[in-house]
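**Q** Pasting a structure below so you can have a look.
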Number of protein chains: 2
Amino acid sequence: MLFKIKLLNWSAGRPVIIIGKKIAEKLTLHVNDRVLIIHEGGRTVAVVDLSSKILKEDEVAVSDEIIEVLGLKETSLIELSFVPQPKSINLILKKLNGYRLKKHEIEIIIKDIVTNALTEAEIAYFVAAVYKNGMTFSETKNLTEAMVNSGEKLNLRQPFIVDKHSIGGVAGNRVTPILVSICASAGLIMPKTSSRAITSAAGTADVIEAVARVEFKLDEIKEIISKTNACIVWGGSLGISPADDKLIQIEKLINIDPEAQLLASIMSKKIAVGSKYVLIDIPYGVSAKVDKKQALSLKNKFEKLAKVFKIKMKCILTDGSQPIGNGIGPILEIKDVLSVLNLKEDRPLDLENKSLLIAGEILELAGKAKKGKGIMIAKRILYSGEALDKFKEIIEAQGGKLDGLKEAEFKKEILAEKIGKIIKIDNKIMNSLGRILGAPADKAAGIYLFKHVGDKIKKGEKIMTLFSESKEKMKNALEFYKENPTILK
Amino acid sequence: MLFKIKLLNWSAGRPVIIIGKKIAEKLTLHVNDRVLIIHEGGRTVAVVDLSSKILKEDEVAVSDEIIEVLGLKETSLIELSFVPQPKSINLILKKLNGYRLKKHEIEIIIKDIVTNALTEAEIAYFVAAVYKNGMTFSETKNLTEAMVNSGEKLNLRQPFIVDKHSIGGVAGNRVTPILVSICASAGLIMPKTSSRAITSAAGTADVIEAVARVEFKLDEIKEIISKTNACIVWGGSLGISPADDKLIQIEKLINIDPEAQLLASIMSKKIAVGSKYVLIDIPYGVSAKVDKKQALSLKNKFEKLAKVFKIKMKCILTDGSQPIGNGIGPILEIKDVLSVLNLKEDRPLDLENKSLLIAGEILELAGKAKKGKGIMIAKRILYSGEALDKFKEIIEAQGGKLDGLKEAEFKKEILAEKIGKIIKIDNKIMNSLGRILGAPADKAAGIYLFKHVGDKIKKGEKIMTLFSESKEKMKNALEFYKENPTILK
């Protein structure tokens, strides 16, 4: 059966074909199935979407990705055919059944993920398989390598390339801009690629975007680093470890992060930017991503993996049981960062101390400070104002400026209903609350905390302020807060 | 941020919103994420698709399902908001972590599947969880009930409602039309709902569709049954156990069929049509779906489940090691059926014998024959021509006719290259071959087998004929056959 092409001028980001419902039933095709498109210009595999109205009986619509590959015109006719499943399907099934995957088998799966040959549901089976059965050290190593090789690399040809990474899960916790500024001041090269929020109210990339550009090409990053020693950019636009970006999307659907994938995800990105000295922050505790036992297991595996890839690494376990800093949300967090860099009297000291700790560790790791002296040097750089100057330099190199940070249109203060003491602030609930308020998309949305765990409160005292750009979102957030009163006495 | 609506007149079968890529990145939304749409007309959750061209910065496109629910017009403005995950996500995670699900928890998951609240990837996690951890008997029972209650039911108010089901996996094997005709002739009521092909070259619904309509509403089915005692229709259009249809789509992606889901799938459909006597055919063996051990385990569980739901059930284990009948593909299979019903001299006796066996068992199960005498009565009905008349009646009641079955445009004979003996015909490879040739969509496409396992062959003798409606598909099939020479000496 031959089909006419309906042109939609639709770029879906992957090859998609829209088929009429009636025809799809006859072809026994469903949403997200794969189908082979045959045309005189060649063949290509596409993912199926359904429609019951826009198409005539003998018509299908295809995304621009297919039009380009096959050179289709409005007058083209195509045929649809059954396509045998990609080889990676059997390999995913093999892993799901508890068998080890060989190096070339992992490469096939990663390649099929990057080329969109696997659908979201098939990738979910792979994630579930790794989650349930784990991966051996050698599988994890091969997964890391396959991820590095699936994408672009940054070649800086510098000796002191350092990096840090937090496994995440703590709300606020915006240490990166502070410690990058300290390390770059000390002469280290720090090509920091950060993520946007996955399940949190803001990722470092979202926060920096409140004051500067974060999307660059690899060449532009080289230029920024040559001027300032560092950058703080979004990793997603660089084409580094693209398989990992896809895996993270699928993992976050049900909030799992299989250990092997977490290891490979972080390691692959550090290798791809050429880091030689890496500090890994593993926050643990109630409402953090991991507990102490898991944190120790991760530490061991990270350090073992780093040796293989000739990276000098240190993992530190930190307290992840409550948010760090006062702001949660892009602008609220950058305000915290600026208040620390400007040494304001009411700056959040938990944020300052953690930033100094990590900066100090990195300085020691890269040989810029003697053992035990790193934190002292970090303090000197912060307190002298050098770090602030460096941060301004970086923001300027990324086309930004630090003034004119606006406040959200709607504000709501949450007051203590009675006297007591803060005994818990749940990271996950804080992040959900921040997202409901509109963060990270609405830059000024989020939460400002006046209290932390252990603080005493009087009746009527401010506990936090909620910020939102929309009445509707504020309403949703207040409902959510009522059901999840995060701050307990 | 407010968005304008671009009307696409696009009915996607589920609520979908197309968002520009740039905006999606800022909102940290990805393909298949969920988003809450807020409008003065109400709120609804939609699944995200991306586009980089058709939309302006402040525009999104939504499927008709959303337009209907919210009453949107071209001038409407909507807001997008973070949506907390549906409750079923945590329940899926609970199952993936190896815990038992309670009755109401299973009901929540099934409801979210039916209402499209879960994406394909999330359903894949559920399937993987059940596949890896299994389900207890009570979970399986609750899953069955939840599936029944998720859909429509057929109320026939008749005493002798019988049914049969094969767990599938054998190519050809079109016993249903024959045995339904025999049972209906004997006065039994048989509301047979069949599937279309899932991974095979044809399902019973595809085969009957070659000669009659198979898509009806429940009321129409009642009328057909009141005329003829039976029907042979597609189950998918009836709204019976809709959760199961969705689960099957996701299972087939990596060819798994977790035992608990297979049990609940079959049982739920039998319960929904009100069957009181059910015969289950479990083909086992090399290249079948299950081996003997799995077949016995299934048999036990089926019978235990049937007791709970007050269904008189018998499970029989049959030889599933090779295709049954000669034809594989809709028209080729209906020809086999007609050749058996017409008692043609060259009819496939394996197909006839299996049809008689199952019909006989059903007659005994429903008390229409004494123990051991069922097959004799079935033979009498078949050999007297009564079954043929009944089949004609059913086809006529379903608006069909049996003459003018056409042959495919392209034919290719496969000849034996040397003298020998057939030692294996792989069901899975035969089904793939049939699909590559164009079955089940091209009704006349498929394979006609001249030989079965154990047959001797001379050099140059015909082994099989391939049929296709397209030169291109025939070429693909011959390439596939070369790599998978299914018939071995």
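In the structure tokens, the first chain shown is A, the next is B, and so on; residue numbers restart at 1 for each chain, and ligands run from 1 in the order shown.
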What residues in chain B have any atom no more than 7 Å from chain A when counting only C-alpha atoms, and can you write them as a JSON list (two decimals) with all heavy atoms, in the first residue's frame?

**A**
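Now in selection_6.json:
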[["chain", "number", "residue", "atom", "x", "y", "z"],
["B", 9, "ASN", "N", -6.11, 20.61, 14.57],
["B", 9, "ASN", "CA", -7.14, 19.63, 14.22],
["B", 9, "ASN", "C", -6.54, 18.23, 14.26],
["B", 9, "ASN", "O", -6.58, 17.49, 13.30],
["B", 9, "ASN", "CB", -7.72, 19.95, 12.84],
["B", 9, "ASN", "CG", -9.06, 19.26, 12.67],
["B", 9, "ASN", "OD1", -9.61, 18.72, 13.62],
["B", 9, "ASN", "ND2", -9.58, 19.28, 11.47],
["B", 10, "TRP", "N", -5.96, 17.93, 15.39],
["B", 10, "TRP", "CA", -5.14, 16.73, 15.51],
["B", 10, "TRP", "C", -5.62, 15.90, 16.69],
["B", 10, "TRP", "O", -5.51, 16.30, 17.83],
["B", 10, "TRP", "CB", -3.68, 17.18, 15.70],
["B", 10, "TRP", "CG", -2.74, 16.13, 16.13],
["B", 10, "TRP", "CD1", -2.59, 14.89, 15.59],
["B", 10, "TRP", "CD2", -1.77, 16.21, 17.20],
["B", 10, "TRP", "NE1", -1.59, 14.21, 16.23],
["B", 10, "TRP", "CE2", -1.08, 15.00, 17.23],
["B", 10, "TRP", "CE3", -1.44, 17.20, 18.11],
["B", 10, "TRP", "CZ2", -0.07, 14.74, 18.15],
["B", 10, "TRP", "CZ3", -0.43, 16.94, 19.03],
["B", 10, "TRP", "CH2", 0.24, 15.72, 19.03],
["B", 11, "SER", "N", -6.19, 14.75, 16.39],
["B", 11, "SER", "CA", -6.68, 13.87, 17.44],
["B", 11, "SER", "C", -5.68, 12.76, 17.66],
["B", 11, "SER", "O", -5.54, 11.86, 16.85],
["B", 11, "SER", "CB", -8.02, 13.30, 16.99],
["B", 11, "SER", "OG", -8.36, 12.23, 17.81],
["B", 12, "ALA", "N", -4.95, 12.85, 18.73],
["B", 12, "ALA", "CA", -3.81, 11.95, 18.93],
["B", 12, "ALA", "C", -4.18, 10.68, 19.70],
["B", 12, "ALA", "O", -3.35, 9.81, 19.89],
["B", 12, "ALA", "CB", -2.70, 12.68, 19.67],
["B", 13, "GLY", "N", -5.42, 10.60, 20.15],
["B", 13, "GLY", "CA", -5.81, 9.41, 20.90],
["B", 13, "GLY", "C", -5.49, 9.54, 22.38],
["B", 13, "GLY", "O", -5.83, 8.68, 23.18],
["B", 26, "LYS", "N", 13.69, 25.60, 28.55],
["B", 26, "LYS", "CA", 13.59, 26.51, 29.69],
["B", 26, "LYS", "C", 12.65, 25.98, 30.76],
["B", 26, "LYS", "O", 12.85, 26.18, 31.94],
["B", 26, "LYS", "CB", 13.11, 27.90, 29.23],
["B", 26, "LYS", "CG", 14.15, 28.52, 28.32],
["B", 26, "LYS", "CD", 14.18, 30.02, 28.38],
["B", 26, "LYS", "CE", 15.43, 30.50, 27.64],
["B", 26, "LYS", "NZ", 15.19, 31.70, 26.87],
["B", 27, "LEU", "N", 11.58, 25.30, 30.30],
["B", 27, "LEU", "CA", 10.64, 24.72, 31.26],
["B", 27, "LEU", "C", 11.15, 23.38, 31.78],
["B", 27, "LEU", "O", 10.48, 22.71, 32.56],
["B", 27, "LEU", "CB", 9.27, 24.54, 30.62],
["B", 27, "LEU", "CG", 8.53, 25.80, 30.15],
["B", 27, "LEU", "CD1", 7.29, 25.43, 29.36],
["B", 27, "LEU", "CD2", 8.12, 26.65, 31.35],
["B", 50, "LEU", "N", 7.68, 17.58, 21.25],
["B", 50, "LEU", "CA", 8.45, 18.79, 20.94],
["B", 50, "LEU", "C", 8.40, 19.13, 19.46],
["B", 50, "LEU", "O", 8.21, 18.27, 18.61],
["B", 50, "LEU", "CB", 9.92, 18.59, 21.34],
["B", 50, "LEU", "CG", 10.18, 18.37, 22.82],
["B", 50, "LEU", "CD1", 11.67, 18.30, 23.06],
["B", 50, "LEU", "CD2", 9.56, 19.47, 23.65],
["B", 51, "SER", "N", 8.57, 20.39, 19.15],
["B", 51, "SER", "CA", 8.65, 20.82, 17.77],
["B", 51, "SER", "C", 9.55, 22.02, 17.71],
["B", 51, "SER", "O", 9.59, 22.83, 18.63],
["B", 51, "SER", "CB", 7.27, 21.20, 17.27],
["B", 51, "SER", "OG", 7.40, 21.89, 16.07],
["B", 52, "SER", "N", 10.30, 22.19, 16.63],
["B", 52, "SER", "CA", 11.17, 23.35, 16.60],
["B", 52, "SER", "C", 10.76, 24.34, 15.53],
["B", 52, "SER", "O", 11.35, 25.39, 15.42],
["B", 52, "SER", "CB", 12.62, 22.92, 16.40],
["B", 52, "SER", "OG", 12.73, 22.23, 15.20],
["B", 53, "LYS", "N", 9.75, 24.02, 14.74],
["B", 53, "LYS", "CA", 9.45, 24.93, 13.63],
["B", 53, "LYS", "C", 8.05, 25.50, 13.62],
["B", 53, "LYS", "O", 7.86, 26.67, 13.38],
["B", 53, "LYS", "CB", 9.72, 24.21, 12.32],
["B", 53, "LYS", "CG", 11.19, 24.24, 11.94],
["B", 53, "LYS", "CD", 11.35, 23.97, 10.47],
["B", 53, "LYS", "CE", 12.75, 23.50, 10.16],
["B", 53, "LYS", "NZ", 12.76, 22.58, 9.04],
["B", 54, "ILE", "N", 7.04, 24.64, 13.81],
["B", 54, "ILE", "CA", 5.70, 25.14, 13.53],
["B", 54, "ILE", "C", 5.21, 26.17, 14.55],
["B", 54, "ILE", "O", 4.22, 26.83, 14.31],
["B", 54, "ILE", "CB", 4.65, 24.00, 13.44],
["B", 54, "ILE", "CG1", 4.75, 23.05, 14.63],
["B", 54, "ILE", "CG2", 4.78, 23.24, 12.15],
["B", 54, "ILE", "CD1", 3.54, 22.13, 14.75],
["B", 81, "SER", "N", 2.08, 24.32, 33.94],
["B", 81, "SER", "CA", 2.58, 24.22, 35.31],
["B", 81, "SER", "C", 3.11, 22.83, 35.60],
["B", 81, "SER", "O", 2.70, 21.85, 35.00],
["B", 81, "SER", "CB", 1.45, 24.58, 36.28],
["B", 81, "SER", "OG", 1.88, 24.40, 37.61],
["B", 82, "PHE", "N", 4.06, 22.81, 36.52],
["B", 82, "PHE", "CA", 4.61, 21.55, 37.01],
["B", 82, "PHE", "C", 3.49, 20.70, 37.59],
["B", 82, "PHE", "O", 2.64, 21.19, 38.31],
["B", 82, "PHE", "CB", 5.64, 21.88, 38.09],
["B", 82, "PHE", "CG", 6.10, 20.69, 38.86],
["B", 82, "PHE", "CD1", 6.93, 19.74, 38.28],
["B", 82, "PHE", "CD2", 5.72, 20.52, 40.19],
["B", 82, "PHE", "CE1", 7.36, 18.65, 39.00],
["B", 82, "PHE", "CE2", 6.16, 19.43, 40.92],
["B", 82, "PHE", "CZ", 6.97, 18.49, 40.32],
["B", 89, "ILE", "N", 2.99, 6.21, 40.20],
["B", 89, "ILE", "CA", 4.45, 6.16, 40.01],
["B", 89, "ILE", "C", 5.12, 5.54, 41.23],
["B", 89, "ILE", "O", 5.98, 4.66, 41.11],
["B", 89, "ILE", "CB", 5.01, 7.58, 39.79],
["B", 89, "ILE", "CG1", 4.50, 8.14, 38.46],
["B", 89, "ILE", "CG2", 6.53, 7.59, 39.85],
["B", 89, "ILE", "CD1", 5.14, 7.59, 37.25],
["B", 93, "LEU", "N", 7.18, 1.97, 41.56],
["B", 93, "LEU", "CA", 8.50, 1.89, 42.20],
["B", 93, "LEU", "C", 8.49, 0.86, 43.33],
["B", 93, "LEU", "O", 9.43, 0.10, 43.51],
["B", 93, "LEU", "CB", 8.89, 3.27, 42.71],
["B", 93, "LEU", "CG", 10.30, 3.44, 43.26],
["B", 93, "LEU", "CD1", 11.34, 3.01, 42.25],
["B", 93, "LEU", "CD2", 10.55, 4.90, 43.68],
["B", 120, "GLU", "N", 4.17, 5.64, 28.16],
["B", 120, "GLU", "CA", 4.64, 4.30, 27.76],
["B", 120, "GLU", "C", 5.84, 3.87, 28.60],
["B", 120, "GLU", "O", 5.94, 2.71, 29.01],
["B", 120, "GLU", "CB", 5.03, 4.28, 26.27],
["B", 120, "GLU", "CG", 3.88, 4.10, 25.30],
["B", 120, "GLU", "CD", 3.05, 5.35, 25.10],
["B", 120, "GLU", "OE1", 3.50, 6.45, 25.51],
["B", 120, "GLU", "OE2", 1.94, 5.26, 24.57],
["B", 121, "ALA", "N", 6.77, 4.79, 28.84],
["B", 121, "ALA", "CA", 7.97, 4.43, 29.58],
["B", 121, "ALA", "C", 7.62, 4.03, 31.02],
["B", 121, "ALA", "O", 8.19, 3.11, 31.58],
["B", 121, "ALA", "CB", 8.97, 5.58, 29.57],
["B", 122, "GLU", "N", 6.65, 4.72, 31.61],
["B", 122, "GLU", "CA", 6.26, 4.40, 32.99],
["B", 122, "GLU", "C", 5.57, 3.04, 33.05],
["B", 122, "GLU", "O", 5.78, 2.27, 33.98],
["B", 122, "GLU", "CB", 5.37, 5.51, 33.54],
["B", 122, "GLU", "CG", 6.18, 6.78, 33.81],
["B", 122, "GLU", "CD", 5.36, 8.05, 33.77],
["B", 122, "GLU", "OE1", 4.19, 8.01, 33.34],
["B", 122, "GLU", "OE2", 5.89, 9.10, 34.15],
["B", 124, "ALA", "N", 6.23, 0.67, 31.04],
["B", 124, "ALA", "CA", 7.33, -0.29, 30.86],
["B", 124, "ALA", "C", 7.99, -0.62, 32.20],
["B", 124, "ALA", "O", 8.34, -1.77, 32.47],
["B", 124, "ALA", "CB", 8.37, 0.26, 29.88],
["B", 125, "TYR", "N", 8.14, 0.38, 33.07],
["B", 125, "TYR", "CA", 8.68, 0.11, 34.40],
["B", 125, "TYR", "C", 7.77, -0.85, 35.16],
["B", 125, "TYR", "O", 8.24, -1.75, 35.87],
["B", 125, "TYR", "CB", 8.83, 1.41, 35.21],
["B", 125, "TYR", "CG", 10.07, 2.22, 34.87],
["B", 125, "TYR", "CD1", 9.97, 3.51, 34.38],
["B", 125, "TYR", "CD2", 11.35, 1.68, 35.06],
["B", 125, "TYR", "CE1", 11.10, 4.26, 34.08],
["B", 125, "TYR", "CE2", 12.47, 2.42, 34.76],
["B", 125, "TYR", "CZ", 12.35, 3.70, 34.28],
["B", 125, "TYR", "OH", 13.47, 4.43, 33.99],
["B", 128, "ALA", "N", 8.25, -4.32, 33.69],
["B", 128, "ALA", "CA", 9.54, -4.85, 34.13],
["B", 128, "ALA", "C", 9.48, -5.29, 35.59],
["B", 128, "ALA", "O", 10.04, -6.32, 35.97],
["B", 128, "ALA", "CB", 10.64, -3.80, 33.94],
["B", 197, "ALA", "N", -2.89, -9.57, 15.27],
["B", 197, "ALA", "CA", -1.53, -10.04, 15.47],
["B", 197, "ALA", "C", -0.80, -9.13, 16.46],
["B", 197, "ALA", "O", -0.95, -7.91, 16.40],
["B", 197, "ALA", "CB", -0.79, -10.05, 14.16],
["B", 253, "LEU", "N", 7.20, -4.81, 23.00],
["B", 253, "LEU", "CA", 8.38, -4.05, 22.61],
["B", 253, "LEU", "C", 9.65, -4.86, 22.82],
["B", 253, "LEU", "O", 10.57, -4.79, 22.01],
["B", 253, "LEU", "CB", 8.49, -2.74, 23.40],
["B", 253, "LEU", "CG", 7.44, -1.66, 23.12],
["B", 253, "LEU", "CD1", 7.61, -0.50, 24.09],
["B", 253, "LEU", "CD2", 7.57, -1.17, 21.69],
["B", 254, "ILE", "N", 9.72, -5.59, 23.94],
["B", 254, "ILE", "CA", 10.92, -6.42, 24.11],
["B", 254, "ILE", "C", 10.53, -7.89, 24.28],
["B", 254, "ILE", "O", 11.30, -8.68, 24.83],
["B", 254, "ILE", "CB", 11.84, -5.94, 25.27],
["B", 254, "ILE", "CG1", 11.15, -6.04, 26.62],
["B", 254, "ILE", "CG2", 12.34, -4.54, 25.07],
["B", 254, "ILE", "CD1", 12.19, -6.00, 27.76],
["B", 435, "ARG", "N", 5.52, -11.26, 8.40],
["B", 435, "ARG", "CA", 5.34, -9.81, 8.60],
["B", 435, "ARG", "C", 6.15, -9.01, 7.60],
["B", 435, "ARG", "O", 5.71, -7.99, 7.08],
["B", 435, "ARG", "CB", 5.72, -9.41, 10.03],
["B", 435, "ARG", "CG", 4.70, -9.87, 11.05],
["B", 435, "ARG", "CD", 5.07, -9.41, 12.45],
["B", 435, "ARG", "NE", 4.64, -8.04, 12.67],
["B", 435, "ARG", "CZ", 3.56, -7.70, 13.38],
["B", 435, "ARG", "NH1", 2.81, -8.62, 13.92],
["B", 435, "ARG", "NH2", 3.25, -6.43, 13.54],
["B", 436, "ILE", "N", 7.36, -9.48, 7.30],
["B", 436, "ILE", "CA", 8.19, -8.77, 6.32],
["B", 436, "ILE", "C", 7.51, -8.83, 4.94],
["B", 436, "ILE", "O", 7.54, -7.87, 4.17],
["B", 436, "ILE", "CB", 9.61, -9.37, 6.28],
["B", 436, "ILE", "CG1", 10.32, -9.10, 7.61],
["B", 436, "ILE", "CG2", 10.42, -8.79, 5.12],
["B", 436, "ILE", "CD1", 11.64, -9.83, 7.79],
["B", 438, "GLY", "N", 4.49, -8.61, 4.45],
["B", 438, "GLY", "CA", 3.39, -7.64, 4.43],
["B", 438, "GLY", "C", 2.19, -8.02, 5.29],
["B", 438, "GLY", "O", 1.28, -7.23, 5.48],
["B", 440, "PRO", "N", 0.14, -8.73, 8.75],
["B", 440, "PRO", "CA", -1.25, -9.00, 8.40],
["B", 440, "PRO", "C", -1.93, -7.88, 7.62],
["B", 440, "PRO", "O", -3.06, -8.04, 7.20],
["B", 440, "PRO", "CB", -1.90, -9.14, 9.77],
["B", 440, "PRO", "CG", -1.13, -8.20, 10.62],
["B", 440, "PRO", "CD", 0.28, -8.21, 10.11],
["B", 441, "ALA", "N", -1.24, -6.75, 7.40],
["B", 441, "ALA", "CA", -1.89, -5.61, 6.74],
["B", 441, "ALA", "C", -2.25, -5.96, 5.30],
["B", 441, "ALA", "O", -3.37, -5.73, 4.85],
["B", 441, "ALA", "CB", -0.98, -4.39, 6.79]]

**Q** Which residues are near Asp245 in chain A? Cut-off 12 Å, only C-alpha atoms, ignore same chain within fewer than 5 positions. Put them as JSON, numbers by chain.

**A** {"A": [110, 113, 114, 147, 150, 151, 194, 195, 196, 198, 234, 235, 236, 237, 238, 239, 240, 250, 251, 252, 261, 262, 264, 265, 266, 268, 269], "B": [30]}

**Q** Of the candidates B:Lys141, B:Lys164, B:Lys22, B:Lys95, which one gets nearest to Ile316 in chain B if we count only C-alpha atoms?

**A**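 For Ile316 in chain B, the nearest of the given residues is B:Lys164.
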
**Q** If we count only C-alpha atoms and set the cut-off at 8 Å, which residues sit around range 401-417 of chain A, ignoring sequence neighbours fewer than 3 positions away in its own chain? Please answer as a PyMOL selection string.

**A** chain A and resi 211-212+331+392+395-396+444-445+457-471+474

**Q** Give the strand (DSSP E or B) residues of range 302-341 of chain B, as assigned by DSSP on the backbone, as number ranges by chain.

**A** B: 312-319, 324, 327-328

**Q** Calculate how many Å separate CA of Asp112 in chain A from CA of Gly134 in chain A, rounding to one decimal.

**A**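 Between these atoms lies a distance of 20.6 Å.
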
**Q** I'd like to know which residues of range 171-413 of chain A are helix (DSSP H, G or I) (by DSSP, run on the backbone); could you write them as a tab-separated table (two decimals) with C-alpha atoms, in the first residue's frame?

**A**
chain	number	residue	atom	x	y	z
A	176	THR	CA	29.34	25.76	42.52
A	177	PRO	CA	29.46	29.46	41.53
A	178	ILE	CA	31.32	30.28	44.76
A	179	LEU	CA	33.88	27.51	44.66
A	180	VAL	CA	34.50	27.83	40.90
A	181	SER	CA	35.32	31.50	41.49
A	182	ILE	CA	37.72	30.59	44.31
A	183	CYS	CA	39.51	27.84	42.34
A	184	ALA	CA	39.79	29.94	39.18
A	185	SER	CA	41.28	32.77	41.27
A	204	THR	CA	23.28	25.29	38.58
A	205	ALA	CA	22.63	26.03	34.88
A	206	ASP	CA	19.17	27.45	35.71
A	207	VAL	CA	20.66	29.61	38.45
A	208	ILE	CA	23.46	31.08	36.33
A	218	LEU	CA	32.58	24.06	22.65
A	219	ASP	CA	34.71	26.71	20.88
A	220	GLU	CA	33.02	29.54	22.76
A	221	ILE	CA	33.70	27.78	26.04
A	222	LYS	CA	37.39	27.54	25.19
A	223	GLU	CA	37.44	31.30	24.69
A	224	ILE	CA	35.66	32.00	27.98
A	225	ILE	CA	38.11	29.76	29.83
A	226	SER	CA	41.14	31.34	28.17
A	227	LYS	CA	39.95	34.71	29.56
A	228	THR	CA	38.86	33.68	33.04
A	235	GLY	CA	26.23	20.76	29.69
A	236	GLY	CA	23.20	19.80	27.63
A	237	SER	CA	23.94	22.01	24.63
A	242	PRO	CA	24.29	12.64	24.93
A	243	ALA	CA	23.26	9.10	25.85
A	244	ASP	CA	23.39	10.14	29.47
A	245	ASP	CA	20.98	13.04	28.95
A	246	LYS	CA	18.45	10.63	27.49
A	247	LEU	CA	18.93	8.10	30.31
A	248	ILE	CA	18.41	10.80	32.94
A	249	GLN	CA	15.08	11.78	31.35
A	250	ILE	CA	13.86	8.20	31.64
A	251	GLU	CA	15.23	7.65	35.15
A	252	LYS	CA	13.52	10.71	36.53
A	253	LEU	CA	10.09	9.42	35.42
A	259	GLU	CA	24.20	3.24	40.84
A	260	ALA	CA	26.06	2.08	37.72
A	261	GLN	CA	24.36	4.73	35.63
A	262	LEU	CA	25.02	7.44	38.19
A	263	LEU	CA	28.71	6.50	38.21
A	264	ALA	CA	28.97	6.32	34.42
A	265	SER	CA	26.97	9.51	33.99
A	266	ILE	CA	29.25	11.62	36.16
A	267	MET	CA	32.53	9.99	35.13
A	268	SER	CA	31.76	10.21	31.41
A	269	LYS	CA	31.18	13.96	31.61
A	270	LYS	CA	34.37	14.58	33.58
A	271	ILE	CA	36.41	12.50	31.13
A	272	ALA	CA	34.85	14.25	28.13
A	292	LYS	CA	25.38	6.63	54.64
A	293	LYS	CA	25.87	3.03	53.51
A	294	GLN	CA	25.05	3.85	49.90
A	295	ALA	CA	27.25	6.94	50.13
A	296	LEU	CA	30.25	4.83	51.22
A	297	SER	CA	29.61	2.29	48.47
A	298	LEU	CA	29.48	5.08	45.88
A	299	LYS	CA	32.69	6.60	47.24
A	300	ASN	CA	34.55	3.31	46.82
A	301	LYS	CA	33.28	2.76	43.31
A	302	PHE	CA	33.99	6.32	42.21
A	303	GLU	CA	37.57	6.11	43.42
A	304	LYS	CA	38.13	2.72	41.77
A	305	LEU	CA	36.70	3.99	38.49
A	306	ALA	CA	38.76	7.19	38.63
A	307	LYS	CA	41.97	5.14	38.89
A	308	VAL	CA	41.13	3.30	35.66
A	330	PRO	CA	17.11	30.42	40.35
A	331	ILE	CA	17.09	34.11	41.39
A	332	LEU	CA	16.75	33.35	45.08
A	333	GLU	CA	19.81	31.10	44.87
A	334	ILE	CA	21.95	33.53	42.89
A	335	LYS	CA	21.12	36.13	45.56
A	336	ASP	CA	22.50	33.71	48.19
A	337	VAL	CA	25.65	33.26	46.10
A	338	LEU	CA	26.13	37.03	45.76
A	339	SER	CA	25.51	37.57	49.44
A	340	VAL	CA	28.32	35.10	50.28
A	341	LEU	CA	30.71	36.56	47.68
A	349	LEU	CA	26.95	30.55	56.49
A	350	ASP	CA	26.06	26.92	55.77
A	351	LEU	CA	26.45	27.72	52.06
A	352	GLU	CA	29.70	29.60	52.65
A	353	ASN	CA	31.22	26.85	54.77
A	354	LYS	CA	30.38	24.08	52.32
A	355	SER	CA	31.76	26.12	49.40
A	356	LEU	CA	35.00	26.76	51.31
A	357	LEU	CA	35.31	23.09	52.27
A	358	ILE	CA	35.00	21.89	48.69
A	359	ALA	CA	37.20	24.63	47.24
A	360	GLY	CA	39.84	23.77	49.83
A	361	GLU	CA	39.73	20.09	48.93
A	362	ILE	CA	40.13	20.90	45.22
A	363	LEU	CA	43.10	23.20	45.93
A	364	GLU	CA	44.80	20.38	47.85
A	365	LEU	CA	43.90	17.76	45.22
A	374	GLY	CA	43.33	24.22	51.34
A	375	ILE	CA	40.45	25.69	53.28
A	376	MET	CA	42.69	28.46	54.62
A	377	ILE	CA	43.73	29.49	51.13
A	378	ALA	CA	40.09	29.30	49.99
A	379	LYS	CA	39.07	31.60	52.83
A	380	ARG	CA	41.78	34.09	51.96
A	381	ILE	CA	40.57	34.23	48.33
A	382	LEU	CA	36.94	34.64	49.39
A	383	TYR	CA	37.51	37.18	52.14
A	386	GLU	CA	39.17	38.03	44.76
A	387	ALA	CA	36.44	35.43	44.38
A	388	LEU	CA	33.80	38.10	43.85
A	389	ASP	CA	35.93	39.76	41.15
A	390	LYS	CA	36.47	36.39	39.47
A	391	PHE	CA	32.75	35.62	39.51
A	392	LYS	CA	32.00	39.00	37.90
A	393	GLU	CA	34.64	38.23	35.26
A	394	ILE	CA	33.07	34.86	34.46
A	395	ILE	CA	29.54	36.27	34.29
A	396	GLU	CA	30.76	39.05	32.01
A	397	ALA	CA	32.57	36.57	29.76

**Q** Can you list, as a VMD selection string, every protein, DNA or RNA residue that comes within 9 Å of range 422-430 of chain A when you count only C-alpha atoms, leaving out same-chain residues fewer than 4 positions away?

**A** chain A and resid 169 to 172 199 to 201 286 to 288 320 to 323 328 434 to 435 447 451 to 457 481 484 to 489

**Q** Determine, counting only C-alpha atoms, which protein, DNA and RNA residues have an atom within 9 Å of an atom of Leu70 in chain A; residues of the same chain fewer than 2 positions away are not included. Present the result as a ChimeraX atom specification.

**A** /A:38-44,65-68,72
